[in-house]
Each structure stands twice: as structure tokens, then as C-alpha cells.
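Colleague: Take a look at the following structure, please.
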Amino acid sequence: MLQLDLDKAVQAVLKKGAKIVAVQIPEGLKERALEIAKGIEEKTGAVVFTFVDPCYGSCSLSDHEAKRVGASLLLHFGHSPFLSKTEVETVYLPLGYKLVKGGLAMLAEGIAKKVGKGKKIALCSTVQYLGHLKSFGELLEKRGLKVFVGRGKGVSKGQVLGCNYSSVKSIEGKVEAVVFLGDGLFHVLGISFSSSKPVFTANPLSLEVGELKNERDLFLRKRYAVIARAMDAKSFGILLSSKKGQLREKLALKLKREIEGKGRKAFIFVSDFVKPEYLTGVKVDALVSTACPRIAFDDSSSFKQPLLSPSELSMVFGEKRLENYKIDEFL
Ligand code: SF4
């Protein structure tokens, strides 16, 4: 369960003397939206405006909307800072998971066995488990591994985002393997395309350890099928998200020029969220998303047309070798 610490939020509101506070919460915390609003309102006297648009990262920061509703403070729960400038003072309140007692030691034991004693590893995690990274690293060192934690660009030490693996890349040359503390497949796959080293996972929720192997090949096969479907496309829709942290208008223009340079048609479509239903009636043969990389990977099958990432588009036009496949990053 995500650990919610309302004290920091309350202190931030009191310090600011805010009368109207905008609150942004991730999907996994919506069931506690009333608890958050009530807790802040009762302790500060401020009125809370809870934004319920889906929010999967601080790239979806609603600072502009917060300003429009008259809020003098935005509390963004669940994610770490992403943008350097905001229209309203913003306090980020990342949330971490409370882990099962003894769980980290169990995972460390499993990883040490799988990776092998004496090996040098890069340790990384997502924001939800970053608070446990130091102690997990110490447990791994006690079991004979040499642990490195990289400093990336625009992220906390050891942190990875689905669009930023720079913390792993920063120590790529020093290590023999990468260990990811976290859950889900998306980030682990991303790491495997950013690093040439074997990738191991330590899942603090299921308490399982593993090595990424077949999943990578399966993923590549699926993506190659999508790329192949787009090869004969005569027209492309380039999807541009207007979210501040995902807005890549220069890239959209560059892709349009590239596509047109190959004698095909290209049109740019803008929306806040990128959703298949927004494209109903739009008759293009293939799509390229410049927004969150997760869209092309997780939601691709819900689009009628083949949905590519920008680097996959370059595979449509030239580079076909799957061993050179990469995930687009926002750096
Ligand atoms: S991976 Fe997607 S949701 Fe996460 S920070 Fe990057 S753009 Fe935002």
C-alpha cells in the first residue's frame, strides 16, 4: 500500500498561507481523494480543488489549470519533480510503498544467488521504491555484491522513469549487471534497451527475483510486427501531447519533414491525452507518438493503425536491425 504522509502537505499549505489549494493525485490514490481533501481542509482552513484528470507522472503537471482555478499552491502527489518552471508554486509529494518486514533481505538473498558473488551491479528503481534503495544496496553489499547507484539527468539518484534511464547509463561502464528494485515490466524492458548488461529484477510486492530474458524477445517480436505493418503506409499521423512535460513540438516537426522527405504524407494531431477514440474518423495509415513512450508500448493494440515510437519510425524508413532497437527518452 502507498504510504500517505499528509503532514508535509499541511505544512506546505500553512507556510504558503494558501486559501485555495490544487491537489493532483495519481490513479492509484483516487480512492483516498476524500481523505486527502478533508485532511488538508480541516487542518489548514484552505479549500481543496482535487484534479481528477488521469495523472501518470509529473510530466502531466496541472500548474496552468491550478492557476486558472485561482489556486496559489499545487500539491502534486505521487511523483518527483520533472519541470524546472511552473506557473504556480508546486510542492511534489512522492509516495513510497510500505514493504513487508524482512522482504528486502529476502530479495537481496535471491539477487545475490542469481547475479553471483563479487559482481558489480547498477542498482536502480522507480520513485515508489527509491526510499528503500540505500538499505537494499547495503543488504546486497553484505552478500558480496559491489553496488553502484548512478546519477542521471533530471531524476533523483538511482531513479529511472519510463522516458529516462540516464541514471543507469551513467554507470554502464563500471558494472556487469543491472538490478531493478520495483514492479511491472515496462521499466525493466526500458533498462534492457538502454544497457547492454543483463537485467535482474527484485519485486518488493511479490517478493520475487528474476532475470529479464524471454520477455524482451517477445516484446521485440510484437514491436517488429507493428513496424512491418507501417512499412507501406502512405500517410502518417504524428501525435503530439500538449502536456507540458510531454510536449515535443520540434520533434513532431522533424518527423513530419522526414516522412514527407520519403514521399509520404504527414499530419500533426494535438491532444492533451493520446487516446484512440480522439482519432475516430481520421484516415491515416499509421501513427507516430511523440508523447509518453508508454503509449506506443502499452496501448498500441487499442489503436486501429500501427502506432510507432519515433525511433521505430526510423526503422520503417531505414535501420531494420532489431539489435539496435531503442526506447525514446526525454532528456
Ligand atoms: S514515462 Fe511517461 S508518464 Fe512517466 S514521466 Fe515519462 S512521459 Fe511521464
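Just so we're on the same page: first chain in the C-alpha cells is A, next is B, and so on; residues restart at 1 for each chain, and ligands are numbered from 1 in the order they show up.
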Might you pull out every residue within 9 Å of segment 45-62 of chain A, with only C-alpha atoms counted and same-chain residues fewer than 4 positions away left off, and present them as a PyMOL selection string?
Modeller: chain A and resi 13-14+17-27+30+33+36-38+40-41+66-67+69+71+74+76-83+86+92+243-246+273+292
Colleague: Which parts of segment 26-263 of chain A does DSSP call strand (DSSP E or B) when run on the backbone here, written out as a ChimeraX atom specification?
Modeller: /A:47-51,73-77,89-93,96-97,120-125,146-148,159,161,164,177-181,199-203,208-211,235-241
Colleague: From the set A:Pro306, A:Gly162, A:Gly154, A:Gly110, which residue has the shortest atom-to-atom contact distance to ligand 1, counting only C-alpha atoms and all ligand atoms?
Modeller: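 That would be A:Gly162, the residue with the smallest distance to ligand 1.
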Colleague: Please indicate the distance in Å from atom CA of Ala266 of chain A to atom CA of Asp298 of chain A, rounded to one decimal place.
Modeller: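 These two atoms are separated by 23.7 Å.
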Colleague: I want to know what sits within 12 Å of Gly116 of chain A, based on only C-alpha atoms, with residues of the same chain fewer than 3 positions away left out; could you give that as a PyMOL selection string?
Modeller: chain A and resi 108-113+119-121+140-141+143-146+176-177+200
Colleague: Keeping only N, CA, C and O atoms, write those residues as a PDB file, in the first residue's frame.
Modeller:
ATOM      1  N   ALA A 108      17.381  -9.520  -1.461  1.00  0.00           N
ATOM      2  CA  ALA A 108      18.838  -9.390  -1.583  1.00  0.00           C
ATOM      3  C   ALA A 108      19.485 -10.776  -1.685  1.00  0.00           C
ATOM      4  O   ALA A 108      20.397 -11.011  -2.482  1.00  0.00           O
ATOM      5  N   GLU A 109      18.977 -11.688  -0.892  1.00  0.00           N
ATOM      6  CA  GLU A 109      19.485 -13.072  -0.900  1.00  0.00           C
ATOM      7  C   GLU A 109      19.289 -13.691  -2.302  1.00  0.00           C
ATOM      8  O   GLU A 109      20.213 -14.273  -2.877  1.00  0.00           O
ATOM      9  N   GLY A 110      18.091 -13.502  -2.814  1.00  0.00           N
ATOM     10  CA  GLY A 110      17.762 -14.061  -4.137  1.00  0.00           C
ATOM     11  C   GLY A 110      18.608 -13.443  -5.233  1.00  0.00           C
ATOM     12  O   GLY A 110      19.115 -14.142  -6.120  1.00  0.00           O
ATOM     13  N   ILE A 111      18.803 -12.129  -5.190  1.00  0.00           N
ATOM     14  CA  ILE A 111      19.588 -11.443  -6.220  1.00  0.00           C
ATOM     15  C   ILE A 111      21.054 -11.892  -6.139  1.00  0.00           C
ATOM     16  O   ILE A 111      21.692 -12.163  -7.160  1.00  0.00           O
ATOM     17  N   ALA A 112      21.592 -11.968  -4.922  1.00  0.00           N
ATOM     18  CA  ALA A 112      22.996 -12.372  -4.766  1.00  0.00           C
ATOM     19  C   ALA A 112      23.218 -13.754  -5.393  1.00  0.00           C
ATOM     20  O   ALA A 112      24.223 -14.001  -6.057  1.00  0.00           O
ATOM     21  N   LYS A 113      22.256 -14.641  -5.194  1.00  0.00           N
ATOM     22  CA  LYS A 113      22.378 -16.004  -5.759  1.00  0.00           C
ATOM     23  C   LYS A 113      22.323 -15.954  -7.287  1.00  0.00           C
ATOM     24  O   LYS A 113      23.069 -16.615  -7.983  1.00  0.00           O
ATOM     25  N   LYS A 119      30.081  -9.685  -8.082  1.00  0.00           N
ATOM     26  CA  LYS A 119      29.719  -8.945  -9.298  1.00  0.00           C
ATOM     27  C   LYS A 119      29.444  -7.477  -8.990  1.00  0.00           C
ATOM     28  O   LYS A 119      28.954  -7.126  -7.923  1.00  0.00           O
ATOM     29  N   LYS A 120      29.753  -6.646  -9.970  1.00  0.00           N
ATOM     30  CA  LYS A 120      29.477  -5.210  -9.828  1.00  0.00           C
ATOM     31  C   LYS A 120      28.132  -4.930 -10.478  1.00  0.00           C
ATOM     32  O   LYS A 120      27.924  -5.271 -11.656  1.00  0.00           O
ATOM     33  N   ILE A 121      27.247  -4.306  -9.726  1.00  0.00           N
ATOM     34  CA  ILE A 121      25.905  -4.071 -10.280  1.00  0.00           C
ATOM     35  C   ILE A 121      25.507  -2.595 -10.197  1.00  0.00           C
ATOM     36  O   ILE A 121      25.934  -1.855  -9.310  1.00  0.00           O
ATOM     37  N   LEU A 140      22.663  -5.906  -0.266  1.00  0.00           N
ATOM     38  CA  LEU A 140      23.339  -6.587  -1.376  1.00  0.00           C
ATOM     39  C   LEU A 140      24.850  -6.611  -1.156  1.00  0.00           C
ATOM     40  O   LEU A 140      25.516  -7.618  -1.418  1.00  0.00           O
ATOM     41  N   GLU A 141      25.370  -5.499  -0.648  1.00  0.00           N
ATOM     42  CA  GLU A 141      26.828  -5.437  -0.382  1.00  0.00           C
ATOM     43  C   GLU A 141      27.217  -6.472   0.670  1.00  0.00           C
ATOM     44  O   GLU A 141      28.242  -7.127   0.557  1.00  0.00           O
ATOM     45  N   ARG A 143      26.020  -9.209   1.055  1.00  0.00           N
ATOM     46  CA  ARG A 143      26.001 -10.537   0.417  1.00  0.00           C
ATOM     47  C   ARG A 143      27.025 -10.644  -0.712  1.00  0.00           C
ATOM     48  O   ARG A 143      26.922 -11.499  -1.589  1.00  0.00           O
ATOM     49  N   GLY A 144      27.986  -9.712  -0.710  1.00  0.00           N
ATOM     50  CA  GLY A 144      29.133  -9.856  -1.616  1.00  0.00           C
ATOM     51  C   GLY A 144      29.049  -9.146  -2.951  1.00  0.00           C
ATOM     52  O   GLY A 144      29.937  -9.308  -3.785  1.00  0.00           O
ATOM     53  N   LEU A 145      28.008  -8.357  -3.186  1.00  0.00           N
ATOM     54  CA  LEU A 145      27.943  -7.632  -4.457  1.00  0.00           C
ATOM     55  C   LEU A 145      28.526  -6.241  -4.293  1.00  0.00           C
ATOM     56  O   LEU A 145      28.501  -5.661  -3.204  1.00  0.00           O
ATOM     57  N   LYS A 146      29.051  -5.697  -5.376  1.00  0.00           N
ATOM     58  CA  LYS A 146      29.574  -4.324  -5.332  1.00  0.00           C
ATOM     59  C   LYS A 146      28.514  -3.450  -6.008  1.00  0.00           C
ATOM     60  O   LYS A 146      28.213  -3.619  -7.195  1.00  0.00           O
ATOM     61  N   GLU A 176      28.596  -4.928 -14.253  1.00  0.00           N
ATOM     62  CA  GLU A 176      28.434  -6.150 -15.058  1.00  0.00           C
ATOM     63  C   GLU A 176      26.969  -6.555 -15.202  1.00  0.00           C
ATOM     64  O   GLU A 176      26.638  -7.426 -16.002  1.00  0.00           O
ATOM     65  N   ALA A 177      26.110  -5.938 -14.390  1.00  0.00           N
ATOM     66  CA  ALA A 177      24.685  -6.260 -14.456  1.00  0.00           C
ATOM     67  C   ALA A 177      23.890  -5.092 -13.874  1.00  0.00           C
ATOM     68  O   ALA A 177      24.443  -4.223 -13.193  1.00  0.00           O
ATOM     69  N   PHE A 200      18.349  -7.745 -13.947  1.00  0.00           N
ATOM     70  CA  PHE A 200      17.688  -8.574 -12.941  1.00  0.00           C
ATOM     71  C   PHE A 200      16.632  -7.739 -12.221  1.00  0.00           C
ATOM     72  O   PHE A 200      16.797  -6.521 -12.070  1.00  0.00           O
TER      73      PHE A 200
END
Colleague: Find, counting only C-alpha atoms, the residue in A:Leu107, A:Val160, A:Leu313, A:Leu95 that gets nearest to Gly131 of chain A.
Modeller: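 Of A:Leu107, A:Val160, A:Leu313, A:Leu95, the one nearest Gly131 of chain A, counting only C-alpha atoms, is A:Leu95.
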Colleague: Using only C-alpha atoms and all ligand atoms, which of the listed residues (A:Val209, A:Val288, A:Val127, A:Ala122) sits closest to ligand 1?
Modeller: A:Val127
Colleague: Considering only alpha helix (DSSP H) as DSSP defines it on the backbone, what residues of segment 141-268 of chain A qualify? List them as an MDAnalysis selection string.
Modeller: chainID A and resid 141:142 166:169 186:194 214:230 249:261
Colleague: So which one's closest to ligand 1, A:Ala105, A:Leu220, A:Leu161, A:Val10? Using only C-alpha atoms and all ligand atoms, please.
Modeller: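 Closest to ligand 1, using only C-alpha atoms and all ligand atoms: A:Leu161.
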Colleague: Could you tell me how far atom CA of Ser192 of chain A sits from atom CA of Glu172 of chain A, in Å to one decimal place?
Modeller: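 Result for atom CA of Glu172 of chain A versus atom CA of Ser192 of chain A: 11.6 Å, one decimal.
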Colleague: Have a look at atom CA of Gly102 of chain A and atom CA of Met1 of chain A and let me know their distance in Å, one decimal.
Modeller: 16.2 Å
Colleague: Contacts of Leu2 of chain A at 7 Å or less, counting only C-alpha atoms, minus same-chain residues fewer than 3 places along, as a ChimeraX atom specification?
Modeller: /A:95-98
Colleague: Taking only C-alpha atoms into account, name the residue in A:Lys254, A:Val270, A:Phe219, A:His64 that is nearest to Lys85 of chain A.
Modeller: A:His64
Colleague: Under the rule that only C-alpha atoms and all ligand atoms are counted, which of A:Leu247, A:Met231, A:Leu4, A:Ala286 is the nearest residue to ligand 1?
Modeller: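 Among A:Leu247, A:Met231, A:Leu4, A:Ala286, it is A:Leu247 that comes nearest to ligand 1.
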Colleague: So that I can see what lies close to Ile268 of chain A, please list as a PyMOL selection string the residues with an atom at most 12 Å from it, counting only C-alpha atoms and leaving out residues fewer than 3 positions away in the same chain.
Modeller: chain A and resi 235-242+248-257+259+265+271+279+282+284+287-290
Colleague: Using only N, CA and C atoms, please write the residues we just selected to a file, as a compact mmCIF listing (two decimals), in the first residue's frame.
Modeller:
# COMPACT_ATOMS: atom_id res chain seq x y z
N SER A 235 0.27 7.52 -45.56
CA SER A 235 0.03 8.72 -44.75
C SER A 235 0.25 8.40 -43.28
N PHE A 236 0.81 9.37 -42.57
CA PHE A 236 1.12 9.19 -41.14
C PHE A 236 0.47 10.31 -40.33
N GLY A 237 -0.05 9.95 -39.16
CA GLY A 237 -0.50 10.95 -38.19
C GLY A 237 0.56 11.04 -37.11
N ILE A 238 1.04 12.24 -36.86
CA ILE A 238 2.05 12.42 -35.79
C ILE A 238 1.31 12.94 -34.56
N LEU A 239 1.37 12.19 -33.46
CA LEU A 239 0.60 12.56 -32.27
C LEU A 239 1.47 13.38 -31.33
N LEU A 240 0.95 14.55 -31.00
CA LEU A 240 1.68 15.49 -30.13
C LEU A 240 0.83 15.76 -28.90
N SER A 241 1.38 15.50 -27.73
CA SER A 241 0.63 15.79 -26.50
C SER A 241 0.90 17.22 -26.07
N SER A 242 -0.17 17.92 -25.64
CA SER A 242 0.01 19.30 -25.18
C SER A 242 0.42 19.35 -23.70
N ARG A 248 6.57 17.80 -27.41
CA ARG A 248 7.81 17.74 -28.20
C ARG A 248 7.48 18.20 -29.63
N GLU A 249 7.13 19.47 -29.71
CA GLU A 249 6.67 20.02 -31.00
C GLU A 249 7.80 20.05 -32.02
N LYS A 250 9.04 20.25 -31.55
CA LYS A 250 10.17 20.28 -32.51
C LYS A 250 10.36 18.89 -33.11
N LEU A 251 10.22 17.88 -32.25
CA LEU A 251 10.35 16.51 -32.76
C LEU A 251 9.23 16.21 -33.76
N ALA A 252 7.99 16.66 -33.44
CA ALA A 252 6.86 16.42 -34.35
C ALA A 252 7.15 17.04 -35.72
N LEU A 253 7.69 18.26 -35.71
CA LEU A 253 8.01 18.93 -36.99
C LEU A 253 9.11 18.18 -37.75
N LYS A 254 10.10 17.71 -36.98
CA LYS A 254 11.22 16.98 -37.60
C LYS A 254 10.69 15.69 -38.26
N LEU A 255 9.82 14.99 -37.54
CA LEU A 255 9.27 13.74 -38.08
C LEU A 255 8.43 14.02 -39.34
N LYS A 256 7.68 15.12 -39.29
CA LYS A 256 6.86 15.47 -40.47
C LYS A 256 7.76 15.68 -41.69
N ARG A 257 8.87 16.40 -41.48
CA ARG A 257 9.80 16.64 -42.61
C ARG A 257 10.39 15.32 -43.10
N ILE A 259 9.14 12.28 -42.86
CA ILE A 259 8.13 11.45 -43.55
C ILE A 259 7.88 12.02 -44.95
N LYS A 265 2.73 11.26 -46.88
CA LYS A 265 2.04 12.41 -46.28
C LYS A 265 2.14 12.33 -44.75
N SER A 271 -3.38 16.69 -28.81
CA SER A 271 -4.39 16.48 -27.75
C SER A 271 -3.64 16.45 -26.42
N LEU A 279 -9.14 9.86 -32.41
CA LEU A 279 -8.75 9.80 -33.82
C LEU A 279 -9.82 9.16 -34.71
N VAL A 282 -10.30 9.95 -38.46
CA VAL A 282 -9.05 10.46 -39.06
C VAL A 282 -8.44 9.34 -39.90
N VAL A 284 -5.65 8.11 -41.57
CA VAL A 284 -4.23 7.96 -41.90
C VAL A 284 -3.88 6.48 -41.76
N LEU A 287 0.48 5.74 -37.33
CA LEU A 287 0.62 6.83 -36.34
C LEU A 287 2.02 6.77 -35.73
N VAL A 288 2.52 7.96 -35.36
CA VAL A 288 3.78 8.03 -34.60
C VAL A 288 3.50 8.90 -33.39
N SER A 289 3.79 8.39 -32.20
CA SER A 289 3.53 9.17 -31.00
C SER A 289 4.81 9.82 -30.50
N THR A 290 4.73 11.13 -30.28
CA THR A 290 5.89 11.84 -29.70
C THR A 290 5.68 12.04 -28.20
Colleague: What's the 6 Å shell around Val168 of chain A, counting only C-alpha atoms, without same-chain residues fewer than 3 positions away, as a CSV table (one decimal) with C-alpha atoms, in the first residue's frame?
Modeller:
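Output saved as selection.csv:
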chain,number,residue,atom,x,y,z
A,150,GLY,CA,24.0,6.3,-10.8
A,165,TYR,CA,17.2,5.7,-18.0
A,171,ILE,CA,27.5,3.9,-14.7
